[in-house]
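Heads up: the structure comes next, in structure tokens.
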Amino acid sequence: MREKIGVVGAGIVGLAVARELATVRGAEVTVLEKEGRVGAHQTGHNSGVVHAGIYYPPGSLKARLCREGVALLKEYCAAHGVAYQEVGKLVIASTRAERPRLSALAERARANGVPGIAELDALALREIEPHAVGVGAVHSPYTAICDFPAVARRLALDVAELGGSVRLGHPVRAIRERAGRVEVLAGRRGHVFDQLVVCGGLGTDAVARMAGAPGDVRIVPFRGEFYALKGAARDLVRGLVYPVPDPRYPFLGVHLTRQVDGRVLVGPNAVLALAYEGYRWRNFRNIGQILGWPGTLRMARSHWRTGLREVRGSLLKSAFVGDARRYVPELTAADLERAPGGVRAQAVARDGRLLDDFVVDVHGKVVLVRNAPSPAATSSLAIARHIAGIVPALVR
Ligand SMILES: Cc1cc2nc3c(=O)[nH]c(=O)nc-3n(C[C@H](O)[C@H](O)[C@H](O)COP(=O)(O)OP(=O)(O)OC[C@H]3O[C@@H](n4cnc5c(N)ncnc54)[C@H](O)[C@@H]3O)c2cc1C
């Protein structure tokens with residue numbers, strides 16, 4: 001009899017996991033997704049950047065799975081005709097004080113095996129991005145952009161071709177382990193699986209609680225807001241322009257990112273949201289759970305200055321424009337218009353620490369992806385291989 005594995009969440013990670021388990025284990029997989037389409041949350045609301053692996057501490061899961069993920073994703077996109085363009089990335093130092101961090105970044109990128117890394121001076125960086133300015137830059141020529149929602153849709157087709165199914169409009173409401181199997185109530189239907197893998201993104205905590213595995217970290221949602229460049233201003237950026245990251249907050253710092261459809265996004269910032277799917281300021285739906293987690297307030301206490309700066313950028317377009325103009329001074333407020341944003345699922349520990357690496361837990365017959373923030377879209381096919389190695393072998 002074929003092994004039956006359930007996967008919660010039809011984002012890029014859940015779909016990649018389902019495809020991998022069907023391929024390497026020959027399992028009959030069923031993906032349960034509450035929304036009416038695949039990739040409805042983080043997978044469909046991100047910057048679209050295939051990160052090359054510049055930032056992550058060598059030896060971390062992020063560093064390893066990002067590099068492996070890039071290779072797998074590039075091959076997958078080529079095989080299935082999904083848009084993938086190596087537009088290259090410049091990480092720009094705008095002051096001399098940032099230069100040592102830039103060199104450290106180049107060293108880290110090389111340690112992670114990122115190909116083609118070059119350190120450029122003020123003149124050389126303009127050969128890559130003629131409208132950008134800075135005192136120096138690190139150039140990563142193979143950093144790419146990709147259509148992640150199209151990857152997710154193609155993965156869903158693969159799952160079906162491998163004899164599995166993707167059930168849309170099936171919110172998981174209850175989970176029980178009984179007689180060595182996992183019973184799941186999704187929508188109005190019950191399913192029985194040998195194993196369950198939870199890739200629920202912003203909904204992870206609720207599903208973990210259903211599985212009796214609340215754990216000691218919680219998802220805290222951070223809204224990432226974007227502007228888009230209008231008309232001719234799009235020509236001011238060829239590829240990807242990033243600031244030197246602050247090592248304490250590597251995901252912060254407004255950047256300019258070209259998209260596969262020709263748009264150029266400016267952003268995202270990172271503002272604490274008070275609803276898991278808090279795409280708008282006025283959504284307070286999960287305020288009790290989010291502020292009730294001791295880690296949220298501890299985090300806010302240690303990072304309030306940065307938090308206020310991000311809120312300022314959210315409320316004042318001029319602050320956002322100011323950040324972007326540090327790197328591309330020709331930009332004006334009139335060149336930017338609001339674009340749809342996304343919400344990051346970031347795991348925060350009880351002591352207020354933001355979990356940096358990818359985290360996967362096993363609880364009986366349930367495998368839980370606890371933390372899969374950026375670059376999880378880039379790394380999705382490698383994360384799937386990693387998880388396939390973790391899902392316990394079936395003993396009947
Ligand atoms: C603003 C922003 C910019 C980003 N930029 C990049 C980038 O440039 N490059 C990169 O690699 N990564 C980027 N990321 C991160 C990347 O988008 C995510 O790491 C990745 O999409 C995570 O995929 P996922 O499948 O885990 O989550 P999701 O795509 O969020 O999927 C989780 C799914 O689970 C479903 N679900 C939840 N609860 C239930 C339930 N009870 N029952 C059934 N289904 C449920 C949800 O509906 C959802 O579809 C960015 C993220 C954001 C928000």
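By convention in this document, the chains of the structure tokens carry letters A, B, ... by their order, each chain's residues are numbered from 1, and ligands are numbered from 1 in the order they are shown.
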task = Please report, as JSON, numbers by chain, each residue of stretch 115-250 of chain A to which DSSP assigns strand (DSSP E or B) when run on this structure's backbone.
result = {"A": [118, 119, 120, 121, 136, 137, 138, 139, 140, 144, 145, 146, 165, 166, 167, 172, 173, 174, 175, 176, 177, 178, 181, 182, 183, 184, 185, 186, 189, 190, 191, 192, 193, 195, 196, 197, 198, 217, 218, 219, 220, 221, 222, 223, 224, 225, 226, 227, 228, 229, 240, 241, 242, 243, 246, 249]}
With only C-alpha atoms and all ligand atoms counted and 6 Å as the cut-off, give the residues of chain A in contact with ligand 1, each with its shortest interatomic distance in Å and the pair that gives it, as a Markdown table.
| residue | atom | partner | partner_atom_place_in_ligand_line | distance |
| --- | --- | --- | --- | --- |
| A:Val8 | CA | ligand 1 | 44 (N) | 5.3 |
| A:Gly9 | CA | ligand 1 | 34 (O) | 3.3 |
| A:Ala10 | CA | ligand 1 | 49 (O) | 4.9 |
| A:Gly11 | CA | ligand 1 | 25 (O) | 3.2 |
| A:Ile12 | CA | ligand 1 | 25 (O) | 4.2 |
| A:Val13 | CA | ligand 1 | 25 (O) | 3.8 |
| A:Gly14 | CA | ligand 1 | 25 (O) | 5.1 |
| A:Leu32 | CA | ligand 1 | 43 (C) | 5.2 |
| A:Glu33 | CA | ligand 1 | 44 (N) | 3.7 |
| A:Lys34 | CA | ligand 1 | 43 (C) | 3.9 |
| A:Glu35 | CA | ligand 1 | 47 (O) | 5.3 |
| A:Gly39 | CA | ligand 1 | 29 (O) | 5.1 |
| A:Ala40 | CA | ligand 1 | 49 (O) | 5.0 |
| A:His41 | CA | ligand 1 | 30 (O) | 4.4 |
| A:Gln42 | CA | ligand 1 | 30 (O) | 3.9 |
| A:Thr43 | CA | ligand 1 | 21 (O) | 3.5 |
| A:His45 | CA | ligand 1 | 53 (C) | 5.8 |
| A:Asn46 | CA | ligand 1 | 3 (C) | 3.5 |
| A:Ser47 | CA | ligand 1 | 8 (O) | 3.8 |
| A:Gly48 | CA | ligand 1 | 8 (O) | 4.3 |
| A:Val49 | CA | ligand 1 | 8 (O) | 3.6 |
| A:Val50 | CA | ligand 1 | 9 (N) | 5.4 |
| A:His170 | CA | ligand 1 | 43 (C) | 5.9 |
| A:Pro171 | CA | ligand 1 | 42 (N) | 3.6 |
| A:Val172 | CA | ligand 1 | 42 (N) | 3.8 |
| A:Cys199 | CA | ligand 1 | 26 (O) | 5.3 |
| A:Gly200 | CA | ligand 1 | 34 (O) | 3.5 |
| A:Gly201 | CA | ligand 1 | 32 (C) | 4.1 |
| A:Leu202 | CA | ligand 1 | 30 (O) | 5.9 |
| A:Gly203 | CA | ligand 1 | 38 (N) | 3.8 |
| A:Val207 | CA | ligand 1 | 41 (N) | 5.6 |
| A:Gly224 | CA | ligand 1 | 1 (C) | 4.4 |
| A:Pro268 | CA | ligand 1 | 1 (C) | 5.7 |
| A:Gly342 | CA | ligand 1 | 53 (C) | 4.3 |
| A:Val343 | CA | ligand 1 | 53 (C) | 4.2 |
| A:Arg344 | CA | ligand 1 | 53 (C) | 3.8 |
| A:Ala372 | CA | ligand 1 | 19 (O) | 5.0 |
| A:Pro373 | CA | ligand 1 | 19 (O) | 3.7 |
| A:Ser374 | CA | ligand 1 | 15 (C) | 3.6 |
| A:Pro375 | CA | ligand 1 | 11 (O) | 3.4 |
| A:Ala376 | CA | ligand 1 | 19 (O) | 3.8 |
| A:Ala377 | CA | ligand 1 | 11 (O) | 3.7 |
| A:Thr378 | CA | ligand 1 | 11 (O) | 3.7 |
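Using only C-alpha atoms for every distance, the candidate list A:Glu277, A:Asp246, A:Asp357, A:Glu225 yields A:Glu225 as the residue closest to A:Arg338.
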task = Quick one: everything within 7 Å of stretch 140-146 of chain A, counting only C-alpha atoms, minus sequence neighbours fewer than 3 positions away in the same chain. Send it as a ChimeraX atom specification.
result = /A:48-52,83-90,116-118,259-260
Write out the residues from the selection above, keeping all heavy atoms, as a short mmCIF file (atom, residue, chain, number, x, y, z; two decimals), in the first residue's frame.
data_model
loop_
_atom_site.label_atom_id
_atom_site.label_comp_id
_atom_site.auth_asym_id
_atom_site.auth_seq_id
_atom_site.Cartn_x
_atom_site.Cartn_y
_atom_site.Cartn_z
N GLY A 48 10.37 38.67 -5.14
CA GLY A 48 10.69 37.92 -6.35
C GLY A 48 12.18 37.76 -6.61
O GLY A 48 12.59 37.52 -7.76
N VAL A 49 12.98 37.85 -5.56
CA VAL A 49 14.44 37.76 -5.75
C VAL A 49 14.93 36.35 -5.42
O VAL A 49 14.60 35.80 -4.37
CB VAL A 49 15.17 38.79 -4.86
CG1 VAL A 49 16.69 38.66 -5.02
CG2 VAL A 49 14.72 40.20 -5.21
N VAL A 50 15.72 35.78 -6.33
CA VAL A 50 16.37 34.50 -6.09
C VAL A 50 17.71 34.85 -5.44
O VAL A 50 18.67 35.21 -6.12
CB VAL A 50 16.58 33.71 -7.39
CG1 VAL A 50 17.22 32.36 -7.10
CG2 VAL A 50 15.25 33.53 -8.12
N HIS A 51 17.72 34.82 -4.11
CA HIS A 51 18.92 35.25 -3.38
C HIS A 51 20.07 34.29 -3.65
O HIS A 51 19.87 33.08 -3.71
CB HIS A 51 18.61 35.34 -1.89
CG HIS A 51 17.68 36.47 -1.57
ND1 HIS A 51 18.08 37.79 -1.65
CD2 HIS A 51 16.37 36.48 -1.24
CE1 HIS A 51 17.05 38.57 -1.35
NE2 HIS A 51 15.99 37.81 -1.10
N ALA A 52 21.28 34.87 -3.76
CA ALA A 52 22.43 34.04 -4.13
C ALA A 52 23.08 33.40 -2.90
O ALA A 52 23.88 32.48 -3.05
CB ALA A 52 23.45 34.88 -4.88
N ALA A 83 9.68 32.14 -15.86
CA ALA A 83 10.60 33.29 -15.98
C ALA A 83 11.66 33.27 -14.88
O ALA A 83 11.33 33.18 -13.69
CB ALA A 83 9.80 34.58 -15.92
N TYR A 84 12.94 33.36 -15.28
CA TYR A 84 14.08 33.38 -14.36
C TYR A 84 15.16 34.20 -15.05
O TYR A 84 15.62 33.84 -16.13
CB TYR A 84 14.56 31.94 -14.12
CG TYR A 84 15.69 31.79 -13.11
CD1 TYR A 84 15.43 31.31 -11.83
CD2 TYR A 84 17.01 32.11 -13.43
CE1 TYR A 84 16.45 31.16 -10.90
CE2 TYR A 84 18.04 31.97 -12.49
CZ TYR A 84 17.75 31.48 -11.24
OH TYR A 84 18.75 31.32 -10.30
N GLN A 85 15.53 35.34 -14.46
CA GLN A 85 16.51 36.22 -15.13
C GLN A 85 17.62 36.60 -14.17
O GLN A 85 17.35 37.11 -13.08
CB GLN A 85 15.81 37.50 -15.60
CG GLN A 85 14.71 37.28 -16.60
CD GLN A 85 13.77 38.49 -16.71
OE1 GLN A 85 14.08 39.59 -16.25
NE2 GLN A 85 12.61 38.28 -17.30
N GLU A 86 18.87 36.36 -14.60
CA GLU A 86 20.03 36.71 -13.76
C GLU A 86 20.37 38.18 -13.98
O GLU A 86 21.26 38.51 -14.77
CB GLU A 86 21.20 35.79 -14.07
CG GLU A 86 20.95 34.40 -13.48
CD GLU A 86 21.97 33.36 -13.90
OE1 GLU A 86 22.66 33.57 -14.92
OE2 GLU A 86 22.05 32.33 -13.21
N VAL A 87 19.65 39.06 -13.29
CA VAL A 87 19.82 40.50 -13.52
C VAL A 87 20.97 41.07 -12.68
O VAL A 87 21.44 42.17 -12.93
CB VAL A 87 18.52 41.28 -13.22
CG1 VAL A 87 17.43 40.94 -14.22
CG2 VAL A 87 18.04 41.02 -11.80
N GLY A 88 21.40 40.34 -11.65
CA GLY A 88 22.52 40.78 -10.82
C GLY A 88 22.11 41.73 -9.72
O GLY A 88 21.10 42.44 -9.83
N LYS A 89 22.91 41.72 -8.65
CA LYS A 89 22.61 42.57 -7.50
C LYS A 89 23.83 43.39 -7.10
O LYS A 89 24.94 42.89 -7.11
CB LYS A 89 22.21 41.69 -6.31
CG LYS A 89 21.98 42.45 -5.02
CD LYS A 89 21.99 41.55 -3.81
CE LYS A 89 20.64 40.94 -3.55
NZ LYS A 89 20.56 40.33 -2.19
N LEU A 90 23.57 44.67 -6.79
CA LEU A 90 24.61 45.52 -6.19
C LEU A 90 24.23 45.80 -4.76
O LEU A 90 23.12 46.27 -4.50
CB LEU A 90 24.68 46.87 -6.91
CG LEU A 90 25.50 47.03 -8.18
CD1 LEU A 90 25.51 48.51 -8.57
CD2 LEU A 90 26.92 46.52 -8.01
N GLY A 116 31.15 34.58 -8.63
CA GLY A 116 31.28 35.87 -9.34
C GLY A 116 31.31 37.10 -8.47
O GLY A 116 31.20 38.23 -8.99
N ILE A 117 31.47 36.95 -7.15
CA ILE A 117 31.43 38.12 -6.26
C ILE A 117 32.60 39.06 -6.56
O ILE A 117 33.75 38.63 -6.65
CB ILE A 117 31.49 37.67 -4.77
CG1 ILE A 117 30.17 37.00 -4.39
CG2 ILE A 117 31.81 38.82 -3.82
CD1 ILE A 117 28.96 37.91 -4.39
N ALA A 118 32.28 40.36 -6.74
CA ALA A 118 33.33 41.34 -7.00
C ALA A 118 33.10 42.57 -6.13
O ALA A 118 31.95 42.94 -5.87
CB ALA A 118 33.31 41.74 -8.47
N GLN A 259 11.33 43.36 -11.40
CA GLN A 259 10.50 42.16 -11.42
C GLN A 259 10.52 41.54 -12.82
O GLN A 259 10.82 42.23 -13.80
CB GLN A 259 9.04 42.51 -11.05
CG GLN A 259 8.90 43.24 -9.74
CD GLN A 259 9.21 42.34 -8.56
OE1 GLN A 259 8.44 41.44 -8.23
NE2 GLN A 259 10.35 42.56 -7.93
N VAL A 260 10.13 40.28 -12.91
CA VAL A 260 10.17 39.64 -14.24
C VAL A 260 9.18 40.29 -15.22
O VAL A 260 9.35 40.18 -16.43
CB VAL A 260 9.91 38.10 -14.16
CG1 VAL A 260 11.09 37.37 -13.57
CG2 VAL A 260 8.63 37.78 -13.42
#
ask   = For the atom pair atom CA of A:Leu265 and atom CA of A:Leu240, what is the interatomic distance in Å to one decimal place?
value =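 Separation of atom CA of A:Leu265 and atom CA of A:Leu240: 9.6 Å.
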task = Return as number ranges by chain the full set of residues in stretch 36-140 of chain A whose backbone-based DSSP assignment is helix (DSSP H, G or I).
result = A: 42-44, 61-80, 96-111, 122-128
Atomic distance atom CA of A:Gln195 - atom CA of A:Ile5, expressed in Å with one decimal = 5.0 Å
request  = Name all residues at most 7 Å from stretch 388-390 of chain A (count only C-alpha atoms; drop same-chain ones fewer than 3 positions away) and give them as a list of chain:residue names.
outcome  =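 In the requested form, the answer reads A:Glu20, A:Leu21, A:Ala384, A:Arg385.
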For the selection you just gave me, I'd like the residues written to a file as a PDB file, in the first residue's frame, keeping N, CA, C and O atoms.
ATOM      1  N   GLU A  20       8.315  16.569  -3.691  1.00  0.00           N
ATOM      2  CA  GLU A  20       9.505  15.791  -3.341  1.00  0.00           C
ATOM      3  C   GLU A  20       9.108  14.439  -2.728  1.00  0.00           C
ATOM      4  O   GLU A  20       9.657  13.396  -3.085  1.00  0.00           O
ATOM      5  N   LEU A  21       8.128  14.470  -1.806  1.00  0.00           N
ATOM      6  CA  LEU A  21       7.721  13.223  -1.140  1.00  0.00           C
ATOM      7  C   LEU A  21       7.068  12.260  -2.131  1.00  0.00           C
ATOM      8  O   LEU A  21       7.252  11.047  -2.046  1.00  0.00           O
ATOM      9  N   ALA A 384      12.608  21.288   0.599  1.00  0.00           N
ATOM     10  CA  ALA A 384      11.790  20.085   0.388  1.00  0.00           C
ATOM     11  C   ALA A 384      12.648  18.821   0.515  1.00  0.00           C
ATOM     12  O   ALA A 384      12.251  17.847   1.155  1.00  0.00           O
ATOM     13  N   ARG A 385      13.856  18.852  -0.039  1.00  0.00           N
ATOM     14  CA  ARG A 385      14.758  17.687   0.075  1.00  0.00           C
ATOM     15  C   ARG A 385      15.132  17.467   1.532  1.00  0.00           C
ATOM     16  O   ARG A 385      15.178  16.342   2.012  1.00  0.00           O
TER      17      ARG A 385
END
request  = Please provide the set of residues having any atom within 9 Å of A:Val369, restricted to only C-alpha atoms, with same-chain residues fewer than 4 positions apart removed, written as number ranges by chain.
outcome  = A: 197-201, 204, 358-362, 387
Could the residues in this selection be written to a file with all heavy atoms, as a PDB file, in the first residue's frame?
ATOM      1  N   VAL A 197       2.851  16.996   7.197  1.00  0.00           N
ATOM      2  CA  VAL A 197       3.889  18.040   7.193  1.00  0.00           C
ATOM      3  C   VAL A 197       3.163  19.389   7.164  1.00  0.00           C
ATOM      4  O   VAL A 197       2.312  19.615   6.297  1.00  0.00           O
ATOM      5  CB  VAL A 197       4.824  17.918   5.963  1.00  0.00           C
ATOM      6  CG1 VAL A 197       5.952  18.946   6.057  1.00  0.00           C
ATOM      7  CG2 VAL A 197       5.411  16.504   5.856  1.00  0.00           C
ATOM      8  N   VAL A 198       3.504  20.251   8.106  1.00  0.00           N
ATOM      9  CA  VAL A 198       2.823  21.546   8.201  1.00  0.00           C
ATOM     10  C   VAL A 198       3.722  22.654   7.652  1.00  0.00           C
ATOM     11  O   VAL A 198       4.798  22.917   8.194  1.00  0.00           O
ATOM     12  CB  VAL A 198       2.438  21.838   9.678  1.00  0.00           C
ATOM     13  CG1 VAL A 198       1.748  23.197   9.782  1.00  0.00           C
ATOM     14  CG2 VAL A 198       1.556  20.725  10.231  1.00  0.00           C
ATOM     15  N   CYS A 199       3.273  23.276   6.573  1.00  0.00           N
ATOM     16  CA  CYS A 199       4.001  24.399   5.955  1.00  0.00           C
ATOM     17  C   CYS A 199       3.014  25.557   5.883  1.00  0.00           C
ATOM     18  O   CYS A 199       2.682  26.041   4.797  1.00  0.00           O
ATOM     19  CB  CYS A 199       4.487  24.030   4.557  1.00  0.00           C
ATOM     20  SG  CYS A 199       5.430  22.496   4.496  1.00  0.00           S
ATOM     21  N   GLY A 200       2.537  25.979   7.053  1.00  0.00           N
ATOM     22  CA  GLY A 200       1.396  26.892   7.124  1.00  0.00           C
ATOM     23  C   GLY A 200       1.758  28.370   7.130  1.00  0.00           C
ATOM     24  O   GLY A 200       0.865  29.214   7.257  1.00  0.00           O
ATOM     25  N   GLY A 201       3.026  28.726   7.027  1.00  0.00           N
ATOM     26  CA  GLY A 201       3.407  30.144   6.973  1.00  0.00           C
ATOM     27  C   GLY A 201       2.818  30.922   8.133  1.00  0.00           C
ATOM     28  O   GLY A 201       3.045  30.598   9.311  1.00  0.00           O
ATOM     29  N   THR A 204       0.910  28.961  10.916  1.00  0.00           N
ATOM     30  CA  THR A 204       1.613  27.838  11.544  1.00  0.00           C
ATOM     31  C   THR A 204       1.218  27.600  13.004  1.00  0.00           C
ATOM     32  O   THR A 204       1.000  26.449  13.413  1.00  0.00           O
ATOM     33  CB  THR A 204       3.147  28.090  11.469  1.00  0.00           C
ATOM     34  OG1 THR A 204       3.483  28.128  10.093  1.00  0.00           O
ATOM     35  CG2 THR A 204       3.942  26.991  12.149  1.00  0.00           C
ATOM     36  N   PHE A 358      16.277  28.783   9.252  1.00  0.00           N
ATOM     37  CA  PHE A 358      15.087  27.961   9.029  1.00  0.00           C
ATOM     38  C   PHE A 358      14.978  26.983  10.198  1.00  0.00           C
ATOM     39  O   PHE A 358      16.001  26.476  10.678  1.00  0.00           O
ATOM     40  CB  PHE A 358      15.217  27.137   7.739  1.00  0.00           C
ATOM     41  CG  PHE A 358      15.343  27.955   6.486  1.00  0.00           C
ATOM     42  CD1 PHE A 358      16.186  27.548   5.456  1.00  0.00           C
ATOM     43  CD2 PHE A 358      14.607  29.118   6.312  1.00  0.00           C
ATOM     44  CE1 PHE A 358      16.295  28.285   4.279  1.00  0.00           C
ATOM     45  CE2 PHE A 358      14.712  29.863   5.141  1.00  0.00           C
ATOM     46  CZ  PHE A 358      15.556  29.448   4.137  1.00  0.00           C
ATOM     47  N   VAL A 359      13.747  26.705  10.645  1.00  0.00           N
ATOM     48  CA  VAL A 359      13.566  25.757  11.753  1.00  0.00           C
ATOM     49  C   VAL A 359      12.477  24.755  11.388  1.00  0.00           C
ATOM     50  O   VAL A 359      11.379  25.138  10.968  1.00  0.00           O
ATOM     51  CB  VAL A 359      13.170  26.500  13.063  1.00  0.00           C
ATOM     52  CG1 VAL A 359      12.962  25.503  14.205  1.00  0.00           C
ATOM     53  CG2 VAL A 359      14.235  27.514  13.452  1.00  0.00           C
ATOM     54  N   VAL A 360      12.807  23.469  11.540  1.00  0.00           N
ATOM     55  CA  VAL A 360      11.845  22.384  11.288  1.00  0.00           C
ATOM     56  C   VAL A 360      11.848  21.485  12.524  1.00  0.00           C
ATOM     57  O   VAL A 360      12.905  21.093  12.994  1.00  0.00           O
ATOM     58  CB  VAL A 360      12.255  21.553  10.043  1.00  0.00           C
ATOM     59  CG1 VAL A 360      11.208  20.495   9.742  1.00  0.00           C
ATOM     60  CG2 VAL A 360      12.467  22.447   8.824  1.00  0.00           C
ATOM     61  N   ASP A 361      10.643  21.189  13.044  1.00  0.00           N
ATOM     62  CA  ASP A 361      10.494  20.360  14.255  1.00  0.00           C
ATOM     63  C   ASP A 361       9.736  19.089  13.924  1.00  0.00           C
ATOM     64  O   ASP A 361       8.867  19.114  13.050  1.00  0.00           O
ATOM     65  CB  ASP A 361       9.563  21.080  15.237  1.00  0.00           C
ATOM     66  CG  ASP A 361      10.271  21.943  16.217  1.00  0.00           C
ATOM     67  OD1 ASP A 361      11.492  22.033  16.131  1.00  0.00           O
ATOM     68  OD2 ASP A 361       9.560  22.544  17.053  1.00  0.00           O
ATOM     69  N   VAL A 362      10.013  18.033  14.676  1.00  0.00           N
ATOM     70  CA  VAL A 362       9.204  16.818  14.498  1.00  0.00           C
ATOM     71  C   VAL A 362       8.464  16.565  15.802  1.00  0.00           C
ATOM     72  O   VAL A 362       9.055  16.604  16.881  1.00  0.00           O
ATOM     73  CB  VAL A 362      10.094  15.597  14.168  1.00  0.00           C
ATOM     74  CG1 VAL A 362       9.238  14.353  13.937  1.00  0.00           C
ATOM     75  CG2 VAL A 362      10.949  15.868  12.939  1.00  0.00           C
ATOM     76  N   ILE A 387      13.456  18.313   4.174  1.00  0.00           N
ATOM     77  CA  ILE A 387      12.312  17.801   4.934  1.00  0.00           C
ATOM     78  C   ILE A 387      12.044  16.332   4.585  1.00  0.00           C
ATOM     79  O   ILE A 387      11.754  15.520   5.464  1.00  0.00           O
ATOM     80  CB  ILE A 387      11.072  18.682   4.698  1.00  0.00           C
ATOM     81  CG1 ILE A 387      11.300  20.011   5.419  1.00  0.00           C
ATOM     82  CG2 ILE A 387       9.796  18.005   5.214  1.00  0.00           C
ATOM     83  CD1 ILE A 387      10.227  21.024   5.226  1.00  0.00           C
TER      84      ILE A 387
END
ask   = Can you tell me, as number ranges by chain, what residues are no more than 6 Å from stretch 123-134 of chain A when counting only C-alpha atoms, ignoring any on the same chain fewer than 5 positions away?
value = A: 92-94, 236, 327-328
task = Excluding A:Glu98 and residues on its chain fewer than 2 positions from it, collect all residues at most 10 Å away from it, counting only C-alpha atoms, and give them as a ChimeraX atom specification.
result = /A:92-96,100-103,135-136,243-246
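Nearest residue to A:Ala232 among A:Arg263, A:Arg309, A:Arg110, A:Arg248 is A:Arg263, counting only C-alpha atoms.
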Nearest residue to A:Lys230 from the set A:Ala334, A:Cys66, A:Met1, A:Val321 (distances using only C-alpha atoms) =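 Distance minimum relative to A:Lys230 lands on A:Ala334.
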ask   = Of the residues A:Trp281, A:Asp335, A:Pro58, A:Gly163, which is the one nearest to A:Arg234, using only C-alpha atoms?
value =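 Using only C-alpha atoms, A:Arg234 sits closest to A:Asp335.
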task = Record the distance separating atom CA of A:Leu155 and atom CA of A:Leu15, expressed in Å with one decimal.
result =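 Value for the atom CA of A:Leu155-atom CA of A:Leu15 distance: 5.9 Å.
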